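The file start.txt contains compact mmCIF, C-alpha atoms:
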# COMPACT_ATOMS: atom_id res chain seq x y z
CA MET A 1 0.00 0.00 0.00
CA ARG A 2 2.69 2.46 0.95
CA LEU A 3 4.20 2.56 -2.57
CA ARG A 4 0.93 3.00 -4.44
CA LEU A 5 -0.30 5.55 -1.91
CA ILE A 6 2.87 7.59 -2.31
CA ILE A 7 2.42 7.48 -6.07
CA LEU A 8 -1.16 8.68 -5.76
CA ILE A 9 -0.20 11.53 -3.47
CA MET A 10 2.64 12.57 -5.75
CA CYS A 11 0.29 12.53 -8.73
CA ALA A 12 -2.17 14.72 -6.86
CA CYS A 13 0.34 17.23 -5.52
CA VAL A 14 2.91 17.61 -8.28
CA CYS A 15 2.10 19.30 -11.59
CA ALA A 16 4.90 18.25 -13.89
CA ARG A 17 5.35 20.24 -17.06
CA ALA A 18 4.06 18.44 -20.12
CA GLU A 19 7.50 18.14 -21.68
CA GLN A 20 8.77 16.40 -18.52
CA MET A 21 6.13 13.67 -18.59
CA PRO A 22 7.34 10.20 -19.57
CA PRO A 23 6.06 9.10 -22.98
CA LYS A 24 3.84 6.37 -21.46
CA ALA A 25 2.24 8.86 -19.07
CA GLU A 26 1.48 11.09 -22.04
CA THR A 27 -0.03 8.15 -23.90
CA ASP A 28 -2.14 7.04 -20.92
CA SER A 29 -3.35 10.58 -20.28
CA ALA A 30 -4.35 11.05 -23.90
CA ARG A 31 -6.10 7.67 -24.03
CA LEU A 32 -8.09 8.30 -20.87
CA GLY A 33 -9.03 11.77 -22.04
CA ALA A 34 -10.29 10.32 -25.30
CA LEU A 35 -12.31 7.67 -23.44
CA ALA A 36 -13.82 10.30 -21.15
CA GLY A 37 -15.07 12.21 -24.16
CA LYS A 38 -16.83 9.31 -25.90
CA PRO A 39 -20.32 10.44 -26.95
CA TYR A 40 -21.97 7.37 -25.40
CA ARG A 41 -20.39 7.94 -21.97
CA PRO A 42 -22.32 10.05 -19.41
CA PRO A 43 -20.21 12.48 -17.32
CA TRP A 44 -20.92 10.48 -14.16
CA GLY A 45 -20.25 7.10 -15.79
CA PRO A 46 -17.16 4.90 -15.73
CA LEU A 47 -14.49 5.39 -18.34
CA PRO A 48 -14.97 2.63 -20.93
CA VAL A 49 -11.46 1.34 -20.32
CA MET A 50 -12.31 -2.29 -20.95
CA ARG A 51 -13.78 -1.82 -24.42
CA ASN A 52 -10.28 -2.13 -25.86
CA TYR A 53 -10.14 -5.77 -24.75
CA ALA A 54 -12.52 -7.43 -27.19
CA SER A 55 -9.89 -10.15 -27.63
CA PHE A 56 -10.59 -11.21 -24.03
CA ALA A 57 -14.26 -11.99 -24.71
CA PRO A 58 -13.88 -15.59 -26.00
CA PHE A 59 -11.70 -16.50 -23.03
CA LEU A 60 -14.12 -14.88 -20.57
CA ARG A 61 -17.13 -16.60 -22.13
CA GLU A 62 -15.44 -19.93 -21.54
CA GLU A 63 -14.69 -18.94 -17.96
CA LEU A 64 -18.41 -18.35 -17.35
CA SER A 65 -18.57 -22.14 -17.03
CA SER A 66 -15.58 -22.40 -14.69
CA PRO A 67 -16.04 -24.58 -11.59
CA ASP A 68 -14.68 -21.61 -9.63
CA ALA A 69 -17.60 -19.34 -8.71
CA GLY A 70 -15.26 -16.39 -8.25
CA LEU A 71 -13.98 -16.72 -11.81
CA ARG A 72 -17.53 -16.96 -13.13
CA ALA A 73 -18.43 -13.71 -11.34
CA ARG A 74 -15.30 -11.89 -12.51
CA SER A 75 -15.78 -13.07 -16.07
CA ALA A 76 -19.35 -11.79 -16.07
CA PHE A 77 -18.29 -8.38 -14.74
CA LEU A 78 -15.58 -7.97 -17.36
CA LEU A 79 -17.84 -9.06 -20.22
CA GLY A 80 -20.30 -6.36 -19.20
CA GLN A 81 -17.56 -3.75 -19.19
CA ILE A 82 -16.06 -4.86 -22.50
CA GLY A 83 -19.44 -4.30 -24.14
CA CYS A 84 -19.74 -7.45 -26.22
CA ARG A 85 -23.50 -7.97 -26.65
CA GLU A 86 -22.84 -11.37 -28.23
CA SER A 87 -22.20 -12.56 -24.66
CA SER A 88 -25.77 -11.83 -23.48
CA LYS A 89 -27.10 -15.35 -24.01
CA LEU A 90 -24.36 -16.93 -21.90
CA LEU A 91 -24.70 -14.25 -19.23
CA ALA A 92 -28.45 -14.88 -19.01
CA ARG A 93 -27.76 -18.53 -18.20
CA ARG A 94 -25.65 -17.42 -15.25
CA LEU A 95 -28.73 -15.75 -13.73
CA LEU A 96 -29.51 -19.24 -12.45
CA ASP A 97 -26.01 -19.78 -11.05
CA ARG A 98 -25.91 -21.49 -7.66
CA GLU A 99 -23.60 -18.76 -6.32
CA ARG A 100 -24.98 -15.30 -5.60
CA ASP A 101 -21.91 -13.33 -6.74
CA ALA A 102 -22.05 -14.95 -10.17
CA ARG A 103 -25.79 -14.21 -10.44
CA VAL A 104 -25.29 -10.59 -9.36
CA GLN A 105 -22.42 -9.87 -11.73
CA SER A 106 -24.20 -11.60 -14.61
CA GLY A 107 -27.33 -9.52 -14.05
CA ILE A 108 -25.37 -6.27 -13.84
CA ALA A 109 -23.38 -7.22 -16.95
CA LEU A 110 -26.60 -7.83 -18.87
CA ALA A 111 -27.91 -4.43 -17.76
CA CYS A 112 -24.67 -2.72 -18.79
CA LEU A 113 -25.19 -4.31 -22.21
CA GLY A 114 -28.72 -2.83 -22.34
CA ASP A 115 -30.44 -6.19 -21.76
CA ALA A 116 -33.60 -5.90 -19.65
CA ARG A 117 -33.08 -9.41 -18.24
CA GLY A 118 -30.67 -7.79 -15.80
CA ILE A 119 -33.34 -5.54 -14.24
CA PRO A 120 -34.37 -7.83 -11.32
CA VAL A 121 -30.77 -8.22 -10.19
CA CYS A 122 -30.10 -4.48 -10.38
CA GLU A 123 -33.27 -3.74 -8.41
CA ALA A 124 -32.22 -6.13 -5.65
CA VAL A 125 -28.63 -4.84 -5.63
CA LEU A 126 -29.70 -1.21 -5.15
CA LYS A 127 -31.14 -2.20 -1.77
CA SER A 128 -27.92 -3.80 -0.49
CA ASP A 129 -24.33 -4.69 -1.44
CA LEU A 130 -21.25 -2.51 -1.51
CA PRO A 131 -21.55 0.99 -3.04
CA TRP A 132 -19.41 0.12 -6.08
CA ILE A 133 -21.77 -2.73 -7.00
CA ARG A 134 -24.81 -0.48 -6.56
CA TYR A 135 -23.09 2.07 -8.79
CA TYR A 136 -22.77 -0.41 -11.65
CA ALA A 137 -26.38 -1.50 -11.10
CA ALA A 138 -27.52 2.12 -11.45
CA TYR A 139 -25.35 2.51 -14.55
CA GLY A 140 -26.85 -0.66 -16.01
CA LEU A 141 -30.42 0.50 -15.37
CA TRP A 142 -29.58 3.74 -17.18
CA ARG A 143 -28.31 1.72 -20.12
CA ILE A 144 -31.64 -0.15 -20.26
CA GLY A 145 -33.61 3.09 -19.99
CA THR A 146 -37.14 1.63 -19.84
CA PRO A 147 -39.90 3.12 -17.66
CA ARG A 148 -39.48 0.18 -15.27
CA ALA A 149 -35.72 0.80 -15.00
CA ASN A 150 -36.30 4.51 -14.33
CA ARG A 151 -38.90 3.75 -11.68
CA ILE A 152 -36.44 1.45 -9.89
CA LEU A 153 -33.83 4.19 -10.00
CA ARG A 154 -36.20 6.76 -8.48
CA GLU A 155 -37.34 4.36 -5.76
CA GLY A 156 -33.76 3.33 -5.03
CA LEU A 157 -32.46 6.86 -4.50
CA PRO A 158 -33.37 7.51 -0.83
CA GLY A 159 -30.60 6.65 1.63
CA GLN A 160 -27.83 6.21 -0.94
CA GLY A 161 -24.33 7.60 -0.37
CA LYS A 162 -22.66 10.13 -2.62
CA LEU A 163 -21.30 7.74 -5.25
CA VAL A 164 -24.60 5.97 -5.87
CA SER A 165 -26.87 9.00 -5.45
CA THR A 166 -24.78 10.90 -8.00
CA ALA A 167 -25.10 7.96 -10.40
CA ILE A 168 -28.87 7.65 -9.90
CA ASN A 169 -29.49 11.38 -10.26
CA GLY A 170 -27.29 11.38 -13.32
CA ALA A 171 -29.12 8.37 -14.77
CA LEU A 172 -32.48 10.09 -14.29
CA SER A 173 -31.35 13.32 -15.91
CA THR A 174 -28.97 12.18 -18.67
CA ARG A 175 -30.18 11.17 -22.10
CA ARG A 176 -29.64 7.48 -22.68
CA THR A 177 -27.00 6.61 -25.25
CA ILE A 178 -26.15 3.21 -26.66
CA PRO A 179 -22.53 2.39 -27.48
CA PRO A 180 -21.75 0.16 -30.44
CA SER A 181 -21.32 -3.48 -29.58
CA VAL A 182 -17.75 -4.65 -29.35
CA ARG A 183 -16.95 -7.55 -31.65
CA PRO A 184 -14.33 -10.05 -30.53
CA ALA A 185 -11.45 -10.95 -32.79
CA LYS A 186 -11.97 -13.93 -35.08
CA SER A 187 -8.63 -15.39 -33.98
CA PRO A 188 -8.28 -14.45 -30.30
CA PRO A 189 -4.92 -14.93 -28.58
CA LYS A 190 -4.38 -17.71 -26.09
CA LEU A 191 -4.84 -16.21 -22.64
CA ALA A 192 -4.49 -17.05 -18.96
CA TRP A 193 -6.18 -15.29 -16.06
CA ASP A 194 -2.95 -13.49 -15.23
CA ASP A 195 -3.00 -11.85 -18.66
CA VAL A 196 -6.56 -10.64 -18.16
CA LEU A 197 -5.98 -9.47 -14.59
CA ASP A 198 -2.80 -7.58 -15.43
CA ALA A 199 -4.52 -5.61 -18.17
CA ALA A 200 -7.80 -4.99 -16.36
CA CYS A 201 -6.27 -4.07 -13.01
CA ASN A 202 -3.76 -1.73 -14.61
CA ASP A 203 -6.56 0.12 -16.38
CA PHE A 204 -8.62 0.42 -13.21
CA ILE A 205 -5.56 1.93 -11.50
CA LEU A 206 -5.22 4.41 -14.37
CA GLU A 207 -8.93 5.23 -14.27
CA GLY A 208 -8.79 5.71 -10.50
CA ASP A 209 -5.88 8.10 -10.96
CA TRP A 210 -7.87 10.01 -13.60
CA TRP A 211 -10.76 10.53 -11.17
CA TRP A 212 -8.25 11.41 -8.42
CA HIS A 213 -6.88 14.23 -10.53
CA GLY A 214 -10.44 15.43 -10.96
CA GLY A 215 -10.89 15.49 -7.18
CA ASP A 216 -13.47 12.68 -7.09
CA TYR A 217 -12.37 10.29 -4.33
CA GLU A 218 -15.66 8.39 -4.51
CA GLN A 219 -14.98 7.31 -8.08
CA GLY A 220 -11.39 6.51 -7.14
CA ILE A 221 -12.70 4.16 -4.47
CA ARG A 222 -15.07 2.60 -6.99
CA CYS A 223 -12.17 1.85 -9.34
CA MET A 224 -10.09 0.29 -6.57
CA GLU A 225 -13.08 -1.76 -5.38
CA ALA A 226 -13.48 -3.16 -8.88
CA LEU A 227 -9.78 -3.96 -8.85
CA VAL A 228 -9.85 -5.90 -5.56
CA PHE A 229 -12.96 -7.73 -6.74
CA LEU A 230 -10.92 -8.91 -9.72
CA ASP A 231 -7.81 -9.53 -7.63
CA PRO A 232 -8.62 -10.05 -3.92
CA GLY A 233 -4.93 -10.65 -3.25
CA ASP A 234 -4.02 -7.04 -4.08
CA ILE A 235 -3.49 -5.85 -0.51
CA GLU A 236 -2.03 -2.51 -1.63
CA SER A 237 -5.31 -1.58 -3.31
CA PHE A 238 -7.33 -2.52 -0.24
CA GLY A 239 -5.05 -0.13 1.64
CA VAL A 240 -5.66 2.65 -0.89
CA ILE A 241 -9.43 2.19 -0.55
CA ALA A 242 -9.18 2.40 3.24
CA TRP A 243 -6.99 5.50 3.05
CA LEU A 244 -9.42 7.26 0.68
CA GLN A 245 -12.38 6.35 2.87
CA ARG A 246 -10.57 7.69 5.88
CA SER A 247 -9.75 10.89 3.99
CA LEU A 248 -13.49 11.32 3.46
CA GLY A 249 -14.13 10.92 7.20
CA ARG A 250 -15.55 7.41 6.93
CA GLU A 251 -13.48 5.70 9.60
CA SER A 252 -15.80 2.73 10.18
CA GLU A 253 -15.85 1.95 6.44
CA SER A 254 -12.08 2.22 6.34
CA VAL A 255 -11.71 -0.35 9.11
CA ALA A 256 -14.32 -2.59 7.46
CA THR A 257 -12.32 -2.48 4.21
CA LEU A 258 -9.15 -3.60 5.97
CA LYS A 259 -11.08 -6.39 7.68
CA ARG A 260 -12.34 -7.50 4.27
CA CYS A 261 -8.72 -7.55 3.16
CA ILE A 262 -7.83 -9.87 6.04
CA ALA A 263 -10.82 -12.10 5.29
CA ALA A 264 -9.63 -12.41 1.69
CA ASN A 265 -5.97 -12.92 2.71
CA PRO A 266 -6.02 -14.47 6.20
CA LYS A 267 -2.50 -15.89 6.01
CA ASP A 268 -0.78 -12.88 4.48
CA PRO A 269 1.16 -10.84 7.04
CA ALA A 270 0.74 -7.67 4.98
CA ALA A 271 -3.05 -7.81 5.33
CA HIS A 272 -2.84 -7.94 9.13
CA PHE A 273 -0.15 -5.26 9.14
CA GLU A 274 -2.41 -2.83 7.24
CA LEU A 275 -5.12 -2.98 9.91
CA GLY A 276 -2.63 -2.88 12.76
CA PHE A 277 -0.85 0.10 11.27
CA HIS A 278 -4.19 1.84 10.75
CA TYR A 279 -4.93 1.55 14.48
CA MET A 280 -1.40 2.63 15.36
CA THR A 281 -1.82 5.91 13.53
CA ASP A 282 -4.89 6.55 15.71
CA GLU A 283 -2.93 5.60 18.83
CA LYS A 284 -5.36 2.72 19.43
CA TYR A 285 -2.61 0.44 20.57
CA ALA A 286 -4.77 -2.23 22.19
CA LEU A 287 -6.70 -2.64 18.94
CA ALA A 288 -3.50 -2.66 16.90
CA GLU A 289 -1.75 -5.35 18.96
CA PRO A 290 -3.59 -8.51 17.76
CA ASP A 291 -3.09 -7.87 14.06
CA LEU A 292 0.49 -6.65 14.41
CA ARG A 293 1.24 -9.76 16.46
CA ARG A 294 -0.38 -11.91 13.79
CA SER A 295 1.64 -10.20 11.05
CA VAL A 296 4.84 -11.16 12.88
CA GLU A 297 3.62 -14.71 13.57
CA LEU A 298 2.96 -15.14 9.86
CA GLY A 299 6.53 -14.17 9.00
CA GLY A 300 6.10 -10.47 8.31
CA ASP A 301 9.11 -8.40 7.32
CA HIS A 302 11.11 -5.91 9.38
CA LEU A 303 8.35 -3.29 9.10
CA CYS A 304 5.92 -5.66 10.82
CA ILE A 305 8.42 -6.37 13.59
CA ARG A 306 9.18 -2.66 14.10
CA GLN A 307 5.54 -1.69 14.42
CA TYR A 308 4.75 -4.57 16.75
CA ALA A 309 7.70 -3.64 18.96
CA ASN A 310 6.53 -0.01 19.03
CA CYS A 311 3.01 -1.14 19.87
CA LEU A 312 4.18 -3.34 22.76
CA GLU A 313 6.16 -0.50 24.27
CA LYS A 314 3.15 1.82 23.99
CA LEU A 315 1.13 -0.81 25.85
CA GLY A 316 3.64 -0.81 28.71
CA ARG A 317 5.42 -4.03 27.71
CA PRO A 318 9.02 -2.86 27.14
CA ARG A 319 10.62 -6.22 27.88
CA GLU A 320 8.67 -7.91 25.07
CA ALA A 321 9.46 -4.95 22.82
CA LEU A 322 13.17 -5.42 23.57
CA GLU A 323 12.93 -9.07 22.60
CA LEU A 324 11.52 -8.06 19.22
CA TRP A 325 14.14 -5.38 18.60
CA SER A 326 16.82 -7.92 19.51
CA LYS A 327 15.32 -10.41 17.08
CA LEU A 328 15.32 -7.76 14.38
CA LEU A 329 18.93 -6.79 15.10
CA ALA A 330 19.98 -10.43 14.79
CA MET A 331 18.27 -10.56 11.41
CA ARG A 332 19.64 -7.18 10.28
CA PRO A 333 22.95 -6.43 12.04
CA ASN A 334 23.29 -3.07 10.28
CA ASP A 335 19.81 -1.87 11.25
CA SER A 336 20.61 1.32 13.15
CA ALA A 337 17.04 1.75 14.45
CA ALA A 338 17.06 -1.77 15.88
CA ARG A 339 20.44 -1.19 17.56
CA PHE A 340 19.32 2.16 18.99
CA ASN A 341 16.12 0.71 20.43
CA CYS A 342 17.88 -2.32 21.84
CA ASP A 343 20.34 -0.06 23.68
CA ARG A 344 17.62 2.32 24.79
CA LEU A 345 15.28 -0.34 26.14
CA THR A 346 18.12 -2.27 27.78
CA LYS A 347 19.10 0.85 29.70
CA LEU A 348 15.46 1.61 30.50
CA LEU A 349 14.92 -1.83 31.99
CA GLU A 350 18.23 -1.74 33.92
CA ASP A 351 17.27 1.58 35.51
CA LYS A 352 13.99 0.26 36.81
Represent the structure of the file as structure tokens.
Amino acid sequence: MRLRLIILIMCACVCARAEQMPPKAETDSARLGALAGKPYRPPWGPLPVMRNYASFAPFLREELSSPDAGLRARSAFLLGQIGCRESSKLLARRLLDRERDARVQSGIALACLGDARGIPVCEAVLKSDLPWIRYYAAYGLWRIGTPRANRILREGLPGQGKLVSTAINGALSTRRTIPPSVRPAKSPPKLAWDDVLDAACNDFILEGDWWWHGGDYEQGIRCMEALVFLDPGDIESFGVIAWLQRSLGRESESVATLKRCIAANPKDPAAHFELGFHYMTDEKYALAEPDLRRSVELGGDHLCIRQYANCLEKLGRPREALELWSKLLAMRPNDSAARFNCDRLTKLLEDK
């Protein structure tokens, strides 16, 4: 998280002159600007970043039958974003999927393709689920544009947060436009999920950065939520979501996001570290201790050990903190912070 967060902050705070921008940054900026200006895209809608990946459609259609329910759901989501209406028949079959996530994403994908068979799912989703999913449901209902879809949008407006209420109000006041259907290549390349994830997640990062520059944190969160849905192992992006939520004053949501990260990555020390570090910054040391301890137990790096040692000392447990600093010094003999804290705590304990 730290690296991506630093990049985001630097992007927001530093205005580099155009001639100093790397060629790829210039290309990405121009591409996103062009996507933002597409005549079929409403100002409140997502950038159609995935429409460039028609070659993924055959692979994703096959994955709709995967034994892995998570892959079925992710495939449905991406097919809806790519905009290949030839996928509608297969998506409609997934409305009977035994797993809810696959049914939900298939229904939203159908709606995003303008298919009214997605309406019941979108109606149900607007009453629950995470804001980013409700957002895509609202967007899909706008794509359908029937009186029934508009009624559901009006009835679903009360009680929505900023992201979804902006989408619903926009959907009710913006003229419906229909993008051309994307046609997959006749000879698609051989793909693996890593190929699809790398491309899709990179574009959601770029889109999130585009919204960030526009000052819209809510849309930035939506992009990162889509990313962690596609790749639940991306702990950095969970951390970015939590940081943005916290920046908007939504502390409880921020904590809930980091807990979702742990639930998705229970054996990854970095996931536990993120929540522990979050509590440390609030000086909630008792709350930080269990997850920092778990991050160390799971083999976390020197940053995990440092924070856990700091936490133990703040909780009035200097002897245990010294043990951790000593362990760190044994691992990293040239670590000046570890040596300093070992000497300091040794003297502190001797003086007691």
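Proximity of A:Arg85, A:Leu130, A:Gln245, A:Phe238 to Lys259 of chain A, computed with only C-alpha atoms, is greatest for A:Phe238.
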Nearby residues (only C-alpha atoms) at most 12 Å from Leu47 of chain A, same-chain spacing under 3 positions excluded, as a PDB file with C-alpha atoms, in the frame of the given file:
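Saved result, result-v4.pdb, follows:
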ATOM      1  CA  ARG A  31      -6.100   7.670 -24.030  1.00  0.00           C
ATOM      2  CA  LEU A  32      -8.090   8.300 -20.870  1.00  0.00           C
ATOM      3  CA  GLY A  33      -9.030  11.770 -22.040  1.00  0.00           C
ATOM      4  CA  ALA A  34     -10.290  10.320 -25.300  1.00  0.00           C
ATOM      5  CA  LEU A  35     -12.310   7.670 -23.440  1.00  0.00           C
ATOM      6  CA  ALA A  36     -13.820  10.300 -21.150  1.00  0.00           C
ATOM      7  CA  GLY A  37     -15.070  12.210 -24.160  1.00  0.00           C
ATOM      8  CA  LYS A  38     -16.830   9.310 -25.900  1.00  0.00           C
ATOM      9  CA  PRO A  39     -20.320  10.440 -26.950  1.00  0.00           C
ATOM     10  CA  TYR A  40     -21.970   7.370 -25.400  1.00  0.00           C
ATOM     11  CA  ARG A  41     -20.390   7.940 -21.970  1.00  0.00           C
ATOM     12  CA  PRO A  42     -22.320  10.050 -19.410  1.00  0.00           C
ATOM     13  CA  PRO A  43     -20.210  12.480 -17.320  1.00  0.00           C
ATOM     14  CA  TRP A  44     -20.920  10.480 -14.160  1.00  0.00           C
ATOM     15  CA  MET A  50     -12.310  -2.290 -20.950  1.00  0.00           C
ATOM     16  CA  ARG A  51     -13.780  -1.820 -24.420  1.00  0.00           C
ATOM     17  CA  ASN A  52     -10.280  -2.130 -25.860  1.00  0.00           C
ATOM     18  CA  GLN A  81     -17.560  -3.750 -19.190  1.00  0.00           C
ATOM     19  CA  ILE A  82     -16.060  -4.860 -22.500  1.00  0.00           C
ATOM     20  CA  TYR A 139     -25.350   2.510 -14.550  1.00  0.00           C
ATOM     21  CA  ASP A 203      -6.560   0.120 -16.380  1.00  0.00           C
ATOM     22  CA  PHE A 204      -8.620   0.420 -13.210  1.00  0.00           C
ATOM     23  CA  ILE A 205      -5.560   1.930 -11.500  1.00  0.00           C
ATOM     24  CA  LEU A 206      -5.220   4.410 -14.370  1.00  0.00           C
ATOM     25  CA  GLU A 207      -8.930   5.230 -14.270  1.00  0.00           C
ATOM     26  CA  GLY A 208      -8.790   5.710 -10.500  1.00  0.00           C
ATOM     27  CA  ASP A 209      -5.880   8.100 -10.960  1.00  0.00           C
ATOM     28  CA  TRP A 210      -7.870  10.010 -13.600  1.00  0.00           C
ATOM     29  CA  TRP A 211     -10.760  10.530 -11.170  1.00  0.00           C
ATOM     30  CA  GLN A 219     -14.980   7.310  -8.080  1.00  0.00           C
ATOM     31  CA  GLY A 220     -11.390   6.510  -7.140  1.00  0.00           C
ATOM     32  CA  ARG A 222     -15.070   2.600  -6.990  1.00  0.00           C
ATOM     33  CA  CYS A 223     -12.170   1.850  -9.340  1.00  0.00           C
TER      34      CYS A 223
END
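Taking atom CA of Arg103 of chain A and atom CA of Leu141 of chain A as the two end points, the separation is 16.2 Å.
Our summary of the geometry notes that atom CA of Ser88 of chain A is positioned 23.9 Å from atom CA of Ile168 of chain A.
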Taking (-10.9, -17.1, -29.5) in the coordinates of the supplied file, I want to know which residues reach to within 6 Å of it, counting all atoms listed in the file; could you give the answer as a PDB file with C-alpha atoms, in the coordinates of the input?
ATOM      1  CA  PRO A  58     -13.880 -15.590 -26.000  1.00  0.00           C
ATOM      2  CA  SER A 187      -8.630 -15.390 -33.980  1.00  0.00           C
ATOM      3  CA  PRO A 188      -8.280 -14.450 -30.300  1.00  0.00           C
TER       4      PRO A 188
END
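Minimum atom-to-atom distance to Glu225 of chain A, evaluated using all atoms listed in the file, belongs to A:Pro131 out of A:Gly140, A:Gly83, A:Pro67, A:Pro131.
Put simply, atom CA of Ala116 of chain A is 11.2 Å away from atom CA of Pro147 of chain A.
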>> Give me, as an MDAnalysis selection string, all polymer residues having an atom no more than 12 Å from Glu86 of chain A, counting all atoms listed in the file and skipping those fewer than 5 positions away in the same chain.
In response: chainID A and resid 54 57:58 61 79:80 91:92 110 113:115 180:184
>> Quick one: residues within 7 Å of segment 301-317 of chain A, only C-alpha atoms, excluding same-chain residues fewer than 3 positions away - as number ranges by chain?
In response: A: 273, 285, 289, 292-293, 295-296, 320-321, 324-325, 328
With C-alpha atoms retained, export the selected residues as an mmCIF file, in the coordinates of the input.
data_model
loop_
_atom_site.group_PDB
_atom_site.id
_atom_site.type_symbol
_atom_site.label_atom_id
_atom_site.label_comp_id
_atom_site.auth_asym_id
_atom_site.auth_seq_id
_atom_site.Cartn_x
_atom_site.Cartn_y
_atom_site.Cartn_z
ATOM 1 C CA PHE A 273 -0.150 -5.260 9.140
ATOM 2 C CA TYR A 285 -2.610 0.440 20.570
ATOM 3 C CA GLU A 289 -1.750 -5.350 18.960
ATOM 4 C CA LEU A 292 0.490 -6.650 14.410
ATOM 5 C CA ARG A 293 1.240 -9.760 16.460
ATOM 6 C CA SER A 295 1.640 -10.200 11.050
ATOM 7 C CA VAL A 296 4.840 -11.160 12.880
ATOM 8 C CA GLU A 320 8.670 -7.910 25.070
ATOM 9 C CA ALA A 321 9.460 -4.950 22.820
ATOM 10 C CA LEU A 324 11.520 -8.060 19.220
ATOM 11 C CA TRP A 325 14.140 -5.380 18.600
ATOM 12 C CA LEU A 328 15.320 -7.760 14.380
#
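When the distance limit is 9 Å and only C-alpha atoms are what count, the residues near segment 262-266 of chain A, minus those fewer than 6 positions from it on the same chain, are Pro232, Gly233, Ile235, His272, Glu274 and Leu275 of chain A.
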Quick one: write out the picked residues with C-alpha atoms as an mmCIF file, in the frame of the given file?
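Output file out-v7.cif is given in full below:
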data_model
loop_
_atom_site.group_PDB
_atom_site.id
_atom_site.type_symbol
_atom_site.label_atom_id
_atom_site.label_comp_id
_atom_site.auth_asym_id
_atom_site.auth_seq_id
_atom_site.Cartn_x
_atom_site.Cartn_y
_atom_site.Cartn_z
ATOM 1 C CA PRO A 232 -8.620 -10.050 -3.920
ATOM 2 C CA GLY A 233 -4.930 -10.650 -3.250
ATOM 3 C CA ILE A 235 -3.490 -5.850 -0.510
ATOM 4 C CA HIS A 272 -2.840 -7.940 9.130
ATOM 5 C CA GLU A 274 -2.410 -2.830 7.240
ATOM 6 C CA LEU A 275 -5.120 -2.980 9.910
#
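Minimum atom-to-atom distances from A:Leu349, A:Ala111, A:Leu258, A:Ala138 to Ala76 of chain A were compared using only C-alpha atoms, and the lowest value belongs to A:Ala111.
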> Near Trp243 of chain A, within 9 Å and counting all atoms listed in the file, which residues show up once chain neighbours fewer than 5 positions away are dropped, as a PyMOL selection string?
Replying inline: chain A and resi 5+238+248+254+278
For segment 148-161 of chain A, which lacks atoms in the input, supply N, CA and C atoms and format the output as a tab-separated table (two decimals), keeping the file's coordinate frame.
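Written output follows (selection.tsv):
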chain	number	residue	atom	x	y	z
A	148	ARG	N	-39.69	1.00	-16.47
A	148	ARG	CA	-39.48	0.18	-15.27
A	148	ARG	C	-38.11	0.46	-14.67
A	149	ALA	N	-37.08	0.53	-15.50
A	149	ALA	CA	-35.72	0.80	-15.00
A	149	ALA	C	-35.66	2.17	-14.33
A	150	ASN	N	-36.31	3.16	-14.92
A	150	ASN	CA	-36.30	4.51	-14.33
A	150	ASN	C	-37.06	4.55	-13.02
A	151	ARG	N	-38.15	3.81	-12.95
A	151	ARG	CA	-38.90	3.75	-11.68
A	151	ARG	C	-38.03	3.15	-10.57
A	152	ILE	N	-37.31	2.09	-10.89
A	152	ILE	CA	-36.44	1.45	-9.89
A	152	ILE	C	-35.36	2.43	-9.43
A	153	LEU	N	-34.84	3.20	-10.36
A	153	LEU	CA	-33.83	4.19	-10.00
A	153	LEU	C	-34.41	5.23	-9.04
A	154	ARG	N	-35.58	5.74	-9.36
A	154	ARG	CA	-36.20	6.76	-8.48
A	154	ARG	C	-36.48	6.18	-7.09
A	155	GLU	N	-37.01	4.98	-7.05
A	155	GLU	CA	-37.34	4.36	-5.76
A	155	GLU	C	-36.08	3.96	-4.99
A	156	GLY	N	-35.00	3.74	-5.70
A	156	GLY	CA	-33.76	3.33	-5.03
A	156	GLY	C	-32.90	4.47	-4.55
A	157	LEU	N	-33.29	5.71	-4.84
A	157	LEU	CA	-32.46	6.86	-4.50
A	157	LEU	C	-32.36	7.16	-3.00
A	158	PRO	N	-33.46	7.12	-2.24
A	158	PRO	CA	-33.37	7.51	-0.83
A	158	PRO	C	-32.36	6.65	-0.04
A	159	GLY	N	-31.55	7.33	0.75
A	159	GLY	CA	-30.60	6.65	1.63
A	159	GLY	C	-29.28	6.27	0.98
A	160	GLN	N	-29.09	6.57	-0.28
A	160	GLN	CA	-27.83	6.21	-0.94
A	160	GLN	C	-26.74	7.21	-0.59
A	161	GLY	N	-25.49	6.73	-0.57
A	161	GLY	CA	-24.33	7.60	-0.37
A	161	GLY	C	-24.03	8.40	-1.63
